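Colleague: My file is start.txt. It has compact mmCIF, C-alpha atoms:
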```
# COMPACT_ATOMS: atom_id res chain seq x y z
CA MET G 649 137.53 12.27 450.63
CA ILE G 650 134.88 9.62 451.23
CA ALA G 651 134.78 6.93 448.56
CA ILE G 652 131.31 5.56 447.91
CA ILE G 653 131.53 2.19 446.25
CA ASP G 654 129.49 2.09 443.06
CA TYR G 655 128.67 -1.49 442.16
CA GLY G 656 125.35 -0.98 440.46
CA VAL G 657 122.94 -1.62 443.31
CA GLY G 658 120.63 1.11 444.42
CA ASN G 659 120.38 4.80 444.13
CA LEU G 660 123.18 6.93 445.53
CA PHE G 661 121.45 10.28 445.05
CA SER G 662 120.34 10.81 448.66
CA LEU G 663 123.54 9.45 450.16
CA CYS G 664 125.68 11.79 448.08
CA SER G 665 123.38 14.74 448.77
CA SER G 666 123.38 14.14 452.52
CA LEU G 667 127.19 13.95 452.68
CA ARG G 668 127.46 17.03 450.50
CA SER G 669 125.08 18.90 452.82
CA LEU G 670 127.56 18.19 455.61
CA GLY G 671 130.29 19.78 453.53
CA LEU G 672 132.03 16.46 452.92
CA GLU G 673 133.86 15.59 449.75
CA THR G 674 132.63 12.38 448.15
CA LYS G 675 133.58 10.30 445.18
CA VAL G 676 131.32 7.63 443.73
CA THR G 677 133.74 5.09 442.35
CA ARG G 678 134.62 1.56 441.39
CA ALA G 679 138.35 2.21 441.08
CA ALA G 680 140.63 0.49 443.60
CA GLN G 681 142.98 3.47 443.67
CA ASP G 682 140.15 5.72 444.91
CA LEU G 683 139.53 3.37 447.82
CA ILE G 684 143.23 3.48 448.65
CA ASP G 685 143.35 7.29 448.39
CA ALA G 686 140.13 7.82 450.39
CA ASP G 687 140.05 8.70 454.10
CA ARG G 688 136.89 6.67 454.48
CA ILE G 689 134.84 4.20 452.48
CA ILE G 690 131.08 3.70 452.33
CA LEU G 691 129.54 0.48 451.04
CA PRO G 692 125.89 1.26 450.21
CA GLY G 693 123.33 -1.15 448.82
CA VAL G 694 119.71 -2.11 448.42
CA GLY G 695 118.22 -5.21 446.84
CA ALA G 696 118.97 -8.90 447.18
CA PHE G 697 122.08 -10.20 448.95
CA ALA G 698 123.29 -12.76 446.41
CA ASP G 699 122.90 -10.39 443.48
CA ALA G 700 124.69 -7.58 445.33
CA ALA G 701 127.50 -9.85 446.53
CA ALA G 702 128.05 -11.04 442.94
CA LYS G 703 128.08 -7.50 441.61
CA LEU G 704 130.53 -6.43 444.30
CA ARG G 705 132.84 -9.33 443.40
CA ASP G 706 132.57 -8.34 439.72
CA THR G 707 134.07 -4.94 440.52
CA GLY G 708 137.25 -6.68 441.63
CA LEU G 709 137.30 -4.45 444.73
CA VAL G 710 136.82 -7.08 447.42
CA ASP G 711 140.52 -7.57 448.17
CA THR G 712 141.09 -3.82 448.28
CA ILE G 713 138.15 -3.36 450.65
CA ARG G 714 139.52 -6.10 452.91
CA ARG G 715 143.03 -4.65 452.91
CA GLN G 716 141.84 -1.10 453.59
CA ALA G 717 139.61 -2.29 456.42
CA SER G 718 142.30 -4.37 458.07
CA ALA G 719 144.69 -1.42 457.77
CA GLY G 720 142.26 0.51 459.97
CA LYS G 721 140.48 2.72 457.41
CA PRO G 722 136.92 3.52 458.53
CA LEU G 723 134.41 1.58 456.41
CA LEU G 724 130.66 2.09 456.73
CA GLY G 725 128.18 -0.41 455.34
CA ILE G 726 124.62 0.87 454.93
CA CYS G 727 121.53 -1.39 454.78
CA LEU G 728 122.41 -4.22 452.39
CA GLY G 729 125.96 -2.85 452.46
CA MET G 730 125.97 -3.59 456.20
CA GLN G 731 124.66 -7.10 455.63
CA LEU G 732 127.45 -7.75 453.13
CA LEU G 733 130.00 -7.15 455.92
CA PHE G 734 128.92 -10.36 457.68
CA GLU G 735 130.16 -13.92 457.16
CA LYS G 736 127.08 -15.15 455.33
CA SER G 737 123.45 -14.59 454.50
CA TYR G 738 120.52 -16.99 454.32
CA GLU G 739 118.55 -14.88 451.86
CA TYR G 740 117.28 -17.36 449.22
CA GLY G 741 119.96 -19.97 449.91
CA GLU G 742 123.28 -19.53 451.66
CA HIS G 743 125.73 -16.94 450.37
CA PRO G 744 129.11 -15.82 451.69
CA GLY G 745 129.63 -12.18 452.63
CA LEU G 746 132.84 -10.25 453.17
CA GLY G 747 133.38 -11.76 456.63
CA LEU G 748 134.55 -8.47 458.14
CA VAL G 749 132.05 -8.70 461.01
CA PRO G 750 131.25 -11.99 462.77
CA GLY G 751 127.63 -13.05 462.40
CA GLU G 752 125.08 -13.92 459.76
CA VAL G 753 122.06 -12.47 458.03
CA VAL G 754 118.74 -14.28 458.51
CA PRO G 755 115.09 -13.71 457.55
CA LEU G 756 113.04 -11.48 459.81
CA ALA G 757 109.83 -13.32 458.91
CA GLU G 758 110.91 -16.49 460.72
CA ALA G 759 111.95 -14.66 463.88
CA LEU G 760 109.11 -12.16 464.34
CA PRO G 761 106.05 -12.75 466.49
CA ALA G 762 102.79 -13.05 464.54
CA GLY G 763 101.16 -9.81 463.45
CA LEU G 764 104.31 -7.87 462.64
CA LYS G 765 104.71 -6.92 459.02
CA VAL G 766 107.74 -7.72 456.85
CA PRO G 767 109.60 -5.73 455.60
CA HIS G 768 110.44 -3.84 458.75
CA ILE G 769 109.82 -0.45 457.20
CA GLY G 770 109.56 2.95 458.81
CA TRP G 771 110.94 5.01 461.66
CA ASN G 772 112.11 3.15 464.74
CA ARG G 773 113.91 4.36 467.84
CA LEU G 774 117.61 3.59 467.98
CA GLN G 775 118.53 2.03 471.32
CA ILE G 776 122.21 2.63 471.67
CA LEU G 777 123.89 -0.14 473.65
CA LYS G 778 127.45 1.20 473.41
CA LYS G 779 127.03 4.89 474.02
CA GLU G 780 130.77 5.43 474.25
CA ASP G 781 131.27 4.45 470.60
CA PRO G 782 132.40 7.52 468.63
CA LEU G 783 129.86 6.66 465.92
CA PHE G 784 127.25 7.99 468.37
CA ARG G 785 129.17 11.11 469.34
CA TYR G 786 126.26 13.26 468.13
CA SER G 787 123.41 10.80 468.74
CA GLY G 788 120.84 10.83 471.51
CA ASP G 789 118.40 8.52 473.26
CA GLU G 790 115.47 9.95 471.33
CA ASP G 791 116.89 9.40 467.87
CA TYR G 792 114.63 7.68 465.39
CA VAL G 793 116.06 6.19 462.22
CA TYR G 794 114.51 4.92 459.01
CA TYR G 795 114.58 1.20 458.18
CA VAL G 796 113.62 -0.77 455.09
CA HIS G 797 114.64 -4.45 455.24
CA SER G 798 113.38 -8.03 455.36
CA TYR G 799 116.54 -9.73 456.68
CA TYR G 800 118.58 -8.88 459.74
CA ALA G 801 121.96 -9.59 461.28
CA ALA G 802 121.97 -12.26 463.98
CA ARG G 803 124.57 -14.02 466.16
CA CYS G 804 126.57 -10.82 466.29
CA GLU G 805 125.79 -9.69 469.86
CA ALA G 806 129.41 -8.98 470.79
CA ASN G 807 129.70 -6.56 467.86
CA THR G 808 126.30 -4.91 468.18
CA LEU G 809 126.35 -1.20 468.98
CA ALA G 810 122.64 -0.42 468.75
CA VAL G 811 119.31 -2.14 468.18
CA SER G 812 115.71 -1.20 467.41
CA GLU G 813 112.77 -3.03 468.91
CA TYR G 814 110.49 -4.78 466.42
CA GLY G 815 109.18 -7.85 468.19
CA LEU G 816 112.85 -8.62 468.84
CA PRO G 817 115.94 -6.44 469.16
CA VAL G 818 116.76 -5.90 465.49
CA THR G 819 120.47 -5.26 464.94
CA GLY G 820 120.74 -1.57 464.05
CA ALA G 821 124.48 -0.85 464.15
CA VAL G 822 127.61 -3.00 464.45
CA ARG G 823 131.35 -2.54 464.70
CA ALA G 824 134.42 -4.74 464.22
CA GLY G 825 137.57 -2.63 464.46
CA SER G 826 137.37 0.19 461.93
CA VAL G 827 134.45 -1.48 460.14
CA VAL G 828 130.99 -0.20 461.09
CA GLY G 829 127.60 -0.99 459.65
CA VAL G 830 124.09 0.37 460.02
CA GLN G 831 120.96 -1.48 458.98
CA PHE G 832 118.94 1.72 458.70
CA HIS G 833 119.37 4.49 456.12
CA PRO G 834 121.15 7.46 457.72
CA GLU G 835 120.65 9.40 454.47
CA LYS G 836 116.86 9.08 455.01
CA SER G 837 116.80 9.49 458.78
CA GLY G 838 116.53 13.26 458.94
CA ASP G 839 118.73 15.11 461.37
CA ALA G 840 119.54 11.97 463.39
CA GLY G 841 120.96 10.37 460.26
CA LEU G 842 123.02 13.41 459.35
CA ARG G 843 124.51 13.49 462.86
CA LEU G 844 125.55 9.87 462.51
CA LEU G 845 127.14 10.51 459.11
CA ARG G 846 128.99 13.46 460.60
CA ALA G 847 130.32 11.24 463.39
CA PHE G 848 131.46 8.69 460.80
CA SER G 849 133.28 11.42 458.90
CA GLU G 850 135.25 12.14 462.07
CA LEU G 851 136.18 8.55 462.94
CA MET Z 871 108.48 -0.31 467.56
CA ILE Z 872 107.80 1.33 464.23
CA THR Z 873 106.24 4.73 464.77
CA LYS Z 874 102.99 5.90 463.27
CA ARG Z 875 103.74 8.35 460.47
CA ILE Z 876 102.39 11.81 459.75
CA ILE Z 877 102.61 12.70 456.08
CA PRO Z 878 101.84 16.06 454.48
CA CYS Z 879 100.95 15.87 450.82
CA LEU Z 880 101.98 18.64 448.42
CA ASP Z 881 100.29 19.09 445.06
CA VAL Z 882 102.65 20.54 442.51
CA ARG Z 883 101.58 22.13 439.23
CA ASP Z 884 104.21 23.45 436.83
CA GLY Z 885 106.78 23.33 439.61
CA ARG Z 886 104.73 25.28 442.13
CA VAL Z 887 102.89 24.06 445.22
CA VAL Z 888 99.19 24.74 444.96
CA LYS Z 889 96.89 25.29 447.93
CA GLY Z 890 99.63 26.52 450.27
CA VAL Z 891 98.55 29.53 452.31
CA ASN Z 892 99.84 31.75 455.08
CA PHE Z 893 102.97 30.16 456.39
CA GLU Z 894 104.83 32.09 458.93
CA GLY Z 895 108.54 31.91 458.24
CA VAL Z 896 108.10 30.65 454.71
CA ARG Z 897 108.88 33.34 452.19
CA ASP Z 898 107.38 31.58 449.22
CA VAL Z 899 104.59 29.14 450.09
CA ALA Z 900 104.46 28.00 446.49
CA ASP Z 901 108.10 26.96 446.42
CA PRO Z 902 108.26 23.17 446.90
CA VAL Z 903 111.78 23.33 448.34
CA GLU Z 904 110.82 25.91 450.97
CA MET Z 905 107.67 23.97 451.84
CA ALA Z 906 109.61 20.70 452.09
CA ARG Z 907 112.12 22.37 454.40
CA PHE Z 908 109.31 23.75 456.51
CA TYR Z 909 107.62 20.36 456.92
CA ASP Z 910 110.93 18.62 457.53
CA ARG Z 911 111.71 21.01 460.39
CA ALA Z 912 108.16 20.62 461.69
CA GLY Z 913 108.72 16.87 462.09
CA ALA Z 914 106.95 15.35 459.09
CA ASP Z 915 107.92 11.67 458.78
CA GLU Z 916 107.67 11.58 455.04
CA LEU Z 917 106.63 13.89 452.22
CA VAL Z 918 104.36 13.10 449.33
CA PHE Z 919 104.72 15.14 446.17
CA TYR Z 920 101.86 14.84 443.79
CA ASP Z 921 102.45 16.06 440.26
CA ILE Z 922 99.18 17.45 438.92
CA THR Z 923 100.79 18.88 435.80
CA ALA Z 924 99.27 17.81 432.53
CA SER Z 925 102.00 18.87 430.09
CA ALA Z 926 105.30 17.23 429.27
CA GLU Z 927 107.02 20.53 429.95
CA GLY Z 928 105.48 20.69 433.44
CA ARG Z 929 106.66 17.14 434.03
CA GLY Z 930 110.21 18.18 433.31
CA ILE Z 931 109.92 21.07 435.75
CA PHE Z 932 108.54 18.65 438.35
CA THR Z 933 111.56 16.37 438.16
CA ASP Z 934 113.84 19.41 438.59
CA VAL Z 935 111.85 20.38 441.66
CA LEU Z 936 112.07 16.87 443.03
CA ARG Z 937 115.83 16.79 442.54
CA ARG Z 938 116.19 20.05 444.45
CA VAL Z 939 113.98 18.82 447.31
CA ALA Z 940 115.75 15.46 447.52
CA GLY Z 941 119.09 17.24 447.56
CA GLU Z 942 118.19 19.04 450.77
CA ILE Z 943 115.58 17.03 452.64
CA PHE Z 944 116.72 13.71 454.06
CA ILE Z 945 113.49 11.94 454.92
CA PRO Z 946 111.58 9.51 452.71
CA LEU Z 947 109.96 11.09 449.65
CA THR Z 948 107.03 9.58 447.82
CA VAL Z 949 106.08 10.79 444.38
CA GLY Z 950 102.79 10.32 442.59
CA GLY Z 951 100.83 11.75 439.71
CA GLY Z 952 101.08 10.71 436.11
CA ILE Z 953 103.02 7.51 436.77
CA ARG Z 954 102.10 5.21 433.89
CA SER Z 955 105.26 3.30 432.96
CA LEU Z 956 108.56 1.97 434.25
CA GLU Z 957 110.17 4.97 432.56
CA ASP Z 958 108.11 7.21 434.85
CA PHE Z 959 109.33 5.21 437.86
CA ASP Z 960 112.88 5.54 436.66
CA ARG Z 961 112.57 9.27 436.05
CA VAL Z 962 111.45 10.11 439.60
CA LEU Z 963 113.62 7.54 441.40
CA LYS Z 964 116.72 8.97 439.73
CA CYS Z 965 115.75 12.37 441.13
CA GLY Z 966 115.71 11.10 444.69
CA ALA Z 967 112.23 9.66 445.25
CA ASP Z 968 112.14 6.64 447.55
CA LYS Z 969 108.65 5.42 446.77
CA VAL Z 970 106.44 5.87 443.76
CA SER Z 971 102.70 5.98 444.00
CA VAL Z 972 100.52 4.64 441.19
CA ASN Z 973 96.79 5.20 440.82
CA SER Z 974 95.26 5.67 437.35
CA GLY Z 975 98.36 4.16 435.76
CA ALA Z 976 97.69 0.87 437.54
CA ILE Z 977 94.01 0.93 436.55
CA ALA Z 978 94.97 1.48 432.91
CA ASP Z 979 97.60 -1.25 433.07
CA PRO Z 980 97.44 -3.53 436.15
CA SER Z 981 100.74 -5.19 435.15
CA LEU Z 982 102.57 -1.97 436.02
CA ILE Z 983 102.59 -2.81 439.74
CA GLY Z 984 104.19 -6.21 439.27
CA ARG Z 985 106.75 -4.99 436.77
CA ALA Z 986 107.76 -2.09 438.99
CA ALA Z 987 107.94 -4.26 442.11
CA GLN Z 988 110.16 -6.72 440.32
CA ARG Z 989 112.55 -4.05 439.19
CA TYR Z 990 112.62 -1.74 442.22
CA GLY Z 991 111.33 -3.90 445.08
CA ASP Z 992 107.92 -4.02 446.78
CA GLN Z 993 108.89 -1.31 449.26
CA CYS Z 994 109.13 1.15 446.37
CA VAL Z 995 105.64 0.64 444.95
CA VAL Z 996 102.70 2.40 446.58
CA LEU Z 997 99.18 1.70 445.38
CA SER Z 998 97.03 4.78 445.80
CA MET Z 999 93.28 4.35 445.57
CA ASP Z 1000 90.31 6.73 445.46
CA ILE Z 1001 87.42 4.92 447.11
CA LYS Z 1002 83.73 5.70 447.45
CA ARG Z 1003 80.73 3.79 448.75
CA VAL Z 1004 78.22 2.80 446.09
CA ASP Z 1005 75.19 0.80 447.24
CA GLY Z 1006 77.02 -0.20 450.40
CA ARG Z 1007 80.15 -1.43 448.61
CA PHE Z 1008 83.57 0.20 448.51
CA MET Z 1009 84.22 0.97 444.85
CA LEU Z 1010 87.42 2.07 443.13
CA PHE Z 1011 87.14 5.41 441.38
CA ALA Z 1012 89.30 6.82 438.61
CA ARG Z 1013 89.94 10.19 436.97
CA GLY Z 1014 90.52 12.00 440.26
CA GLY Z 1015 87.45 10.43 441.82
CA ARG Z 1016 85.01 11.32 439.05
CA GLU Z 1017 84.48 7.93 437.49
CA ASN Z 1018 83.35 4.65 439.03
CA THR Z 1019 85.54 1.89 437.58
CA GLY Z 1020 83.10 -0.80 438.66
CA ILE Z 1021 85.98 -2.50 440.47
CA ASP Z 1022 85.58 -3.53 444.12
CA ALA Z 1023 88.18 -1.46 445.99
CA LEU Z 1024 89.01 -4.11 448.59
CA GLU Z 1025 89.59 -6.70 445.89
CA TRP Z 1026 91.72 -4.20 443.96
CA ALA Z 1027 93.87 -3.70 447.05
CA VAL Z 1028 94.32 -7.44 447.53
CA ARG Z 1029 95.24 -7.82 443.87
CA GLY Z 1030 97.68 -4.92 444.06
CA VAL Z 1031 99.44 -6.32 447.11
CA ARG Z 1032 99.63 -9.75 445.52
CA SER Z 1033 101.28 -8.13 442.48
CA GLY Z 1034 103.86 -6.44 444.68
CA ALA Z 1035 102.51 -3.16 446.04
CA GLY Z 1036 104.33 -2.55 449.33
CA GLU Z 1037 101.96 0.05 450.71
CA ILE Z 1038 98.37 1.18 450.21
CA VAL Z 1039 97.15 4.76 450.31
CA ALA Z 1040 93.39 4.75 450.84
CA ASN Z 1041 91.78 8.03 449.96
CA SER Z 1042 88.14 8.08 450.96
CA ILE Z 1043 86.07 10.27 448.66
CA ASP Z 1044 83.20 10.06 451.16
CA THR Z 1045 85.17 11.68 453.98
CA ASP Z 1046 87.54 13.83 451.90
CA GLY Z 1047 87.05 17.54 452.45
CA VAL Z 1048 84.45 16.98 455.17
CA GLN Z 1049 87.01 17.23 458.01
CA GLY Z 1050 84.91 14.94 460.18
CA GLY Z 1051 87.61 12.34 460.68
CA PHE Z 1052 89.19 9.52 458.66
CA ASP Z 1053 87.04 6.81 457.08
CA LEU Z 1054 87.62 4.27 459.85
CA GLU Z 1055 85.16 1.74 458.49
CA LEU Z 1056 86.96 1.65 455.15
CA LEU Z 1057 90.39 1.47 456.79
CA ASP Z 1058 89.37 -1.45 459.03
CA ALA Z 1059 87.97 -3.29 456.04
CA LEU Z 1060 91.25 -2.77 454.18
CA ALA Z 1061 93.43 -3.74 457.14
CA ALA Z 1062 91.51 -7.01 457.42
CA ARG Z 1063 92.36 -7.84 453.80
CA VAL Z 1064 95.98 -6.76 453.25
CA ASP Z 1065 99.12 -7.03 455.36
CA VAL Z 1066 101.18 -4.15 453.97
CA PRO Z 1067 101.29 -0.69 455.58
CA ILE Z 1068 98.11 1.32 455.10
CA VAL Z 1069 98.14 5.10 454.79
CA ALA Z 1070 94.85 6.80 455.67
CA SER Z 1071 93.89 9.80 453.58
CA GLY Z 1072 90.85 12.01 453.46
CA GLY Z 1073 88.85 13.49 456.30
CA ALA Z 1074 91.32 14.69 458.92
CA GLY Z 1075 90.02 17.88 460.51
CA CYS Z 1076 91.73 18.09 463.89
CA MET Z 1077 94.35 16.43 466.08
CA GLN Z 1078 91.83 14.14 467.74
CA ASP Z 1079 91.03 12.59 464.34
CA PHE Z 1080 94.60 11.29 464.18
CA ALA Z 1081 94.43 9.94 467.73
CA ASP Z 1082 91.17 8.14 466.91
CA LEU Z 1083 92.80 6.75 463.78
CA PHE Z 1084 95.89 5.31 465.46
CA LEU Z 1085 94.55 4.27 468.85
CA GLY Z 1086 91.60 2.19 467.74
CA HIS Z 1087 92.94 0.94 464.44
CA PRO Z 1088 96.34 -0.74 464.79
CA GLY Z 1089 96.27 -1.85 461.15
CA VAL Z 1090 96.72 1.74 459.99
CA ASP Z 1091 100.32 2.94 459.79
CA ALA Z 1092 100.14 6.54 458.69
CA GLY Z 1093 97.88 9.54 458.32
CA LEU Z 1094 98.15 11.72 455.26
CA ALA Z 1095 96.63 15.16 454.88
CA ALA Z 1096 97.11 18.29 452.83
CA SER Z 1097 94.91 21.29 453.49
CA ILE Z 1098 94.79 21.12 457.31
CA PHE Z 1099 98.58 21.23 457.37
CA HIS Z 1100 98.87 23.81 454.61
CA ARG Z 1101 96.33 26.08 456.32
CA ARG Z 1102 98.07 25.55 459.68
CA GLU Z 1103 94.84 24.29 461.23
CA VAL Z 1104 96.92 21.43 462.55
CA GLU Z 1105 100.62 21.98 463.24
CA ILE Z 1106 102.67 18.81 462.82
CA GLY Z 1107 104.91 19.29 465.86
CA ALA Z 1108 101.94 19.92 468.13
CA LEU Z 1109 100.08 17.00 466.58
CA LYS Z 1110 102.92 14.60 467.26
CA ARG Z 1111 103.33 15.76 470.85
CA PHE Z 1112 99.58 15.33 471.31
CA LEU Z 1113 99.72 11.82 469.83
CA ARG Z 1114 102.59 10.77 472.06
CA ALA Z 1115 100.76 12.10 475.12
CA SER Z 1116 97.77 10.05 473.96
CA GLY Z 1117 99.88 6.90 473.90
CA VAL Z 1118 100.73 6.69 470.18
CA GLU Z 1119 104.39 6.05 469.38
CA VAL Z 1120 105.64 8.82 467.10
CA ARG Z 1121 109.03 10.26 466.20
CA LEU Z 1122 109.59 13.53 468.02
```
What is this structure when it is put down as structure tokens?
Modeller:
Amino acid sequence: MIAIIDYGVGNLFSLCSSLRSLGLETKVTRAAQDLIDADRIILPGVGAFADAAAKLRDTGLVDTIRRQASAGKPLLGICLGMQLLFEKSYEYGEHPGLGLVPGEVVPLAEALPAGLKVPHIGWNRLQILKKEDPLFRYSGDEDYVYYVHSYYAARCEANTLAVSEYGLPVTGAVRAGSVVGVQFHPEKSGDAGLRLLRAFSEL
Amino acid sequence: MITKRIIPCLDVRDGRVVKGVNFEGVRDVADPVEMARFYDRAGADELVFYDITASAEGRGIFTDVLRRVAGEIFIPLTVGGGIRSLEDFDRVLKCGADKVSVNSGAIADPSLIGRAAQRYGDQCVVLSMDIKRVDGRFMLFARGGRENTGIDALEWAVRGVRSGAGEIVANSIDTDGVQGGFDLELLDALAARVDVPIVASGGAGCMQDFADLFLGHPGVDAGLAASIFHRREVEIGALKRFLRASGVEVRL
């Protein structure tokens, strides 16, 4: 069973549907025991970092997430859920994250060359840097994935698995041990996204 | 880089797609789920569902349809038609829509854009506009393009973006249905005024029209069409291969 952490940010409809279409059992939950019982955990999220981090803390699940991750259980952060895996974010101030992946989350607007729009929204090609990673077991060089974000993960080169070019190499996927994160939305990335979710379900 | 997007638009009345004709391999061309599947397989980058139902009962059927589509098709879905309140936003977002398009609802109550953007984020709010030239000016039209609002369309777009609209759909009444190409003059004028993605709508007649749109007009992010896709005059897979061969980055 894949536990999807429900902490009141964003819509889980598409994520649940996409996992279900792969024949995977999911449970949307905020109960610690479900995270312990699960084979895998997904941390979704859209919205603002500070608000999401506070809501996640309010669930009381942070320690459980940390313990499950350090015990080697596969954990996938998606979009803002991926950003929460990092040490901190500079979105409207400075806010601590879960610290499961080294690096920090910074504004795209300050890093992009002039003329590029923020948010980075739409389909972009995934350039896989670590092709041997099992997360990309079913991925290919021509996979396009769907992004919607205004902040991105930086100073995390050693942990970066894939990037997408948008005036700079935007961090697309990261890994630290059993913890993986994707900035894009696999549940909105068509077949390429489903293949990535399938690979995660087999980690 | 971000690809240019090709977006088929499906009009839905009482839960059925209208205007769909002659699809090989589609058993029921009026079934929104079958049509969504067809376009997804064909390589559409996004789908727009436009609810043209007038009744409350039809609206309920539409949300059921949307839920079924969103349960099977995993690309971005935009929903428009009859969106007049935050409750309408909520209703379609809960059924799996990613973006919500407002048109008449924003004209009736311009605060809707800002309130929706605040609650759901700018990326969720699409401002759709019907635009027609009147005495050399681009004017905003209402009631499905029948009524001149007296509002300057370019100023309306700027206002909408300032309020939080994350994307503009510009439907040119002058080029719509003519199939002589997109309204490039209008789109350039818009791109010079707003810095959010612009979706061109109205006028596409052949593959070259899309190439002309994307190659000479970098401010335009997507091309939307209905009948040429529904009638199979342009096939999305072939269109995207043609665009890539022409030097436009698209998702294949």
Colleague: Please determine, counting all atoms listed in the file, which residue among G:Tyr655, G:Tyr740, G:Tyr814, G:Phe784 has the shortest atom-to-atom distance to Trp771 of chain G.
Modeller: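 So, comparing all the options, the nearest one is G:Tyr814.
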Colleague: For chain G, which residues have at least one atom within 10 Å of chain Z, if we go by all atoms listed in the file? Write them as a PyMOL selection string, please.
Modeller: chain G and resi 658-666+668-669+694-696+763-774+790-797+812-817+833-842
Colleague: Find the distance between atom CA of Leu851 of chain G and atom CA of Cys804 of chain G and write it in Å to one decimal.
Modeller: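 These two atoms are separated by 21.9 Å.
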Colleague: List as a VMD selection string the protein and nucleic acid residues near segment 877-890 of chain Z, meaning an atom at most 10 Å away when all atoms listed in the file are counted, but skip any in the same chain fewer than 6 places from it.
Modeller: chain Z and resid 898 to 906 909 to 910 913 to 936 947 to 951 1069 to 1071 1092 to 1102 1106
Colleague: Mind giving me the straight-line distance from atom CA of Thr1045 of chain Z to atom CA of Phe1008 of chain Z in Å, one decimal?
Modeller: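 Computing the Euclidean distance for atom CA of Thr1045 of chain Z and atom CA of Phe1008 of chain Z yields 12.8 Å.
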Colleague: Nearest residue to Ala847 of chain G out of G:Ile726, G:Leu732, G:Leu667, G:Ala686, using only C-alpha atoms?
Modeller: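 Among G:Ile726, G:Leu732, G:Leu667, G:Ala686, it is G:Leu667 that comes nearest to Ala847 of chain G.
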Colleague: May I ask which of the residues Z:Leu997, Z:Val1004, Z:Leu956, Z:Ala1012 is the closest one to Ala978 of chain Z, counting all atoms listed in the file?
Modeller: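 Residue with the minimum atom-to-atom distance to Ala978 of chain Z: Z:Ala1012.
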Colleague: Which residue, G:Gln716, G:Ser849, G:Gln831, G:Ser787, has the smallest gap to Met649 of chain G when you use all atoms listed in the file?
Modeller: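 Between G:Gln716, G:Ser849, G:Gln831, G:Ser787, the residue approaching Met649 of chain G most closely is G:Ser849.
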Colleague: With all atoms listed in the file as the basis for distance, which of G:Leu724, G:Leu704, G:Leu691, G:Leu748 is at the shortest distance from Gly656 of chain G?
Modeller: G:Leu704
Colleague: List the spatial neighbours of Ser737 of chain G as a ChimeraX atom specification - criterion: any atom at most 12 Å away, all atoms listed in the file, same-chain residues fewer than 2 positions off excluded.
Modeller: /G:696-701,728,730-735,739-747,750-755,799-803
Colleague: Return the single residue from Z:Arg1111, Z:Arg954, Z:Arg1029, Z:Arg1016 that is closest to Ile876 of chain Z, with distances computed using only C-alpha atoms.
Modeller: Z:Arg1111
Colleague: Please list as a list in words every residue within 10 Å of Ala821 of chain G, counting all atoms listed in the file and excluding residues in the same chain fewer than 2 positions away.
Modeller: Gly725, Ile726, Cys727, Met730, Leu774, Gln775, Ile776, Leu777, Lys778, Leu783, Ala801, Asn807, Thr808, Leu809, Ala810, Val811, Ser812, Val818, Thr819, Arg823, Val828, Gly829, Val830, Gln831 and Phe832 of chain G
Colleague: Could you work out how far atom CA of Gln1049 of chain Z lies from atom CA of Asp1022 of chain Z, giving the answer in Å with one decimal?
Modeller: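 Here the two named atoms are 25.0 Å from each other.
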Colleague: Counting all atoms listed in the file, what is within 12 Å of Ala1062 of chain Z, bar same-chain residues fewer than 5 positions away, as number ranges by chain?
Modeller: G: 763; Z: 1024-1025, 1027-1028, 1055-1057, 1067-1068, 1087-1090
